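Remarks on the structure that follows.
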Amino acid sequence: MDAFSDINGNSDSDYLVLGYWVQALKQQRDDISNYRMGVFAGGNDPFESNNLAGLAGTATYEGPATGLHMKKDNADAEPAFDSFNATASLTAEFGDASVLGSIFGTITGGMTDGGVVLPELTLESADILENNTGAGGNFYGDTSGTDLAGKWGGKFYGSGASATDQPGSVAGTFGAKSADDLQAITGAFGAYKQ
């Protein structure tokens, strides 16, 4: 497991945690079916979802992204995995009395520990969900990139002093794979309001 947080040495109450994990299930570790992996992201201060309806304007967020990249040379080849770091940039367009708004962004500058440059991933526009769904402040959408497609989602964090203050941060997860299953990216991001 590899986890990142900005809490160390910081008195900020709006901290985020993100990372990935890999688990070997059996002793025969040369078989890829014996492994499981996942990503996670979250924070200690979920945004007060009752304040969503009072938000207006645009907010931008930026921060780190991390995860795992899988690549195969051909359909019969064993997959090779490597961890990566990248940058998440998001824009939230908060709504009005009738809609809560939406959020979209990109994952850019991705590079694996082995030096593979990753393609830019677009986090397509996702509607901000209402509190009555049981997931106030959450959002879910599609991802796209050069020959890649998948899903992404997340949640707002960091309530302000006023009910009309925009969220201070956002965190979530993303994934995408190629149609031929020769490449896949799964990751997590944490970003703060700029």
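Here, A, B, ... name the chains of the structure tokens in the order displayed, residue numbers run from 1 inside each chain, and ligands are numbered from 1 in the same displayed order.
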
Per residue of segment 76-152 of chain A within 6 Å of segment 64-72 of chain A, which atom pair is closest and at what distance in Å (one decimal), using only C-alpha atoms, listed by chain and increasing number, as a Markdown table?
```
| residue | atom | partner | partner_atom | distance |
| --- | --- | --- | --- | --- |
| A:Ala77 | CA | A:Lys72 | CA | 5.8 |
| A:Pro79 | CA | A:Lys72 | CA | 4.7 |
| A:Ala80 | CA | A:Lys71 | CA | 5.4 |
| A:Phe81 | CA | A:Met70 | CA | 4.6 |
| A:Asp82 | CA | A:His69 | CA | 5.3 |
| A:Ser83 | CA | A:Leu68 | CA | 4.4 |
| A:Phe84 | CA | A:Gly67 | CA | 5.5 |
| A:Asn85 | CA | A:Thr66 | CA | 4.5 |
| A:Ala86 | CA | A:Ala65 | CA | 4.9 |
| A:Thr87 | CA | A:Pro64 | CA | 4.7 |
| A:Ala88 | CA | A:Pro64 | CA | 5.8 |
```

For this session: Work out how far apart atom CA of Val22 of chain A and atom CA of Tyr140 of chain A are and give it in Å to one decimal.
Result: 24.0 Å

Exercise. Which residue gives the smallest distance to Asn51 of chain A among A:Glu78, A:Glu130, A:Asp181, A:Asp113, with only C-alpha atoms counted?
Worked result: A:Glu130

For this session: Can you check which residues of segment 15-108 of chain A DSSP gives as strand (DSSP E) on the backbone and send them as a ChimeraX atom specification?
Result: /A:16-24,35-43,57-71,80-94,101-108

I need the residues from that last selection saved to file as a CSV table (one decimal), in the first residue's frame (with C-alpha atoms), if you can.
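Once written, out-v3.csv looks like this:
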```csv
chain,number,residue,atom,x,y,z
A,16,LEU,CA,-6.8,14.7,2.4
A,17,VAL,CA,-5.5,11.2,2.1
A,18,LEU,CA,-5.0,9.3,-1.2
A,19,GLY,CA,-3.2,6.3,-2.5
A,20,TYR,CA,-3.4,2.7,-3.9
A,21,TRP,CA,-3.0,-0.8,-2.6
A,22,VAL,CA,-2.0,-4.2,-4.1
A,23,GLN,CA,-2.6,-7.6,-2.4
A,24,ALA,CA,-1.1,-10.9,-3.3
A,35,TYR,CA,-3.4,-10.2,-7.2
A,36,ARG,CA,-6.0,-7.5,-6.4
A,37,MET,CA,-5.5,-3.8,-6.4
A,38,GLY,CA,-7.5,-0.6,-5.7
A,39,VAL,CA,-7.3,3.1,-5.1
A,40,PHE,CA,-8.7,5.3,-2.4
A,41,ALA,CA,-9.2,9.0,-1.6
A,42,GLY,CA,-10.9,11.0,1.2
A,43,GLY,CA,-10.6,13.6,3.9
A,57,GLY,CA,-19.5,30.9,-9.2
A,58,THR,CA,-16.5,28.9,-10.4
A,59,ALA,CA,-13.7,27.4,-8.3
A,60,THR,CA,-10.5,25.8,-9.5
A,61,TYR,CA,-8.7,23.0,-7.7
A,62,GLU,CA,-5.2,21.6,-8.1
A,63,GLY,CA,-3.2,18.8,-6.5
A,64,PRO,CA,-1.4,15.5,-6.8
A,65,ALA,CA,-2.7,12.3,-8.4
A,66,THR,CA,-1.1,8.8,-7.9
A,67,GLY,CA,-1.9,5.3,-8.9
A,68,LEU,CA,-1.0,2.3,-11.0
A,69,HIS,CA,-0.4,1.9,-14.7
A,70,MET,CA,-0.8,-1.5,-16.5
A,71,LYS,CA,0.6,-2.2,-20.0
A,80,ALA,CA,3.5,-5.1,-16.4
A,81,PHE,CA,2.4,-2.8,-13.5
A,82,ASP,CA,4.1,0.4,-12.4
A,83,SER,CA,3.2,3.2,-10.0
A,84,PHE,CA,2.8,6.8,-11.3
A,85,ASN,CA,2.5,10.4,-10.1
A,86,ALA,CA,0.6,13.1,-11.9
A,87,THR,CA,-1.3,16.4,-11.4
A,88,ALA,CA,-5.0,16.8,-11.1
A,89,SER,CA,-6.6,20.1,-12.2
A,90,LEU,CA,-10.4,20.5,-11.7
A,91,THR,CA,-13.0,23.2,-12.2
A,92,ALA,CA,-16.3,23.3,-10.4
A,93,GLU,CA,-19.0,25.5,-11.8
A,94,PHE,CA,-21.5,25.9,-9.0
A,101,GLY,CA,-23.7,22.6,-10.9
A,102,SER,CA,-20.9,20.4,-12.2
A,103,ILE,CA,-17.2,19.6,-12.1
A,104,PHE,CA,-14.7,18.6,-14.7
A,105,GLY,CA,-10.9,18.4,-15.1
A,106,THR,CA,-7.8,16.6,-16.3
A,107,ILE,CA,-5.0,14.4,-15.0
A,108,THR,CA,-1.8,15.5,-16.7
```

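In terms of minimum interatomic distance to Lys177 of chain A, A:Gly150 ranks closest within A:Gly190, A:Gly150, A:Gly95, A:Ser159, counting only C-alpha atoms.
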
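Atom CA of Asp127 of chain A is found 24.9 Å from atom CA of Ser178 of chain A.
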
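Inside segment 54-167 of chain A, the residues DSSP reads as helix (DSSP H, G or I) when given the backbone are Gly54, Asn131, Asn132 and Thr133 of chain A.
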
For this session: Give the answer as one residue: which of A:Leu123, A:Ala163, A:Ala179, A:Ile185 has the shortest atom-to-atom distance to Leu55 of chain A, using only C-alpha atoms?
Result: A:Ala163

Seminar exercise, completed: The residue from A:Gly109, A:Gly158, A:Pro46, A:Gly168 with the smallest atom-to-atom distance to Asn138 of chain A, counting only C-alpha atoms, is A:Pro46
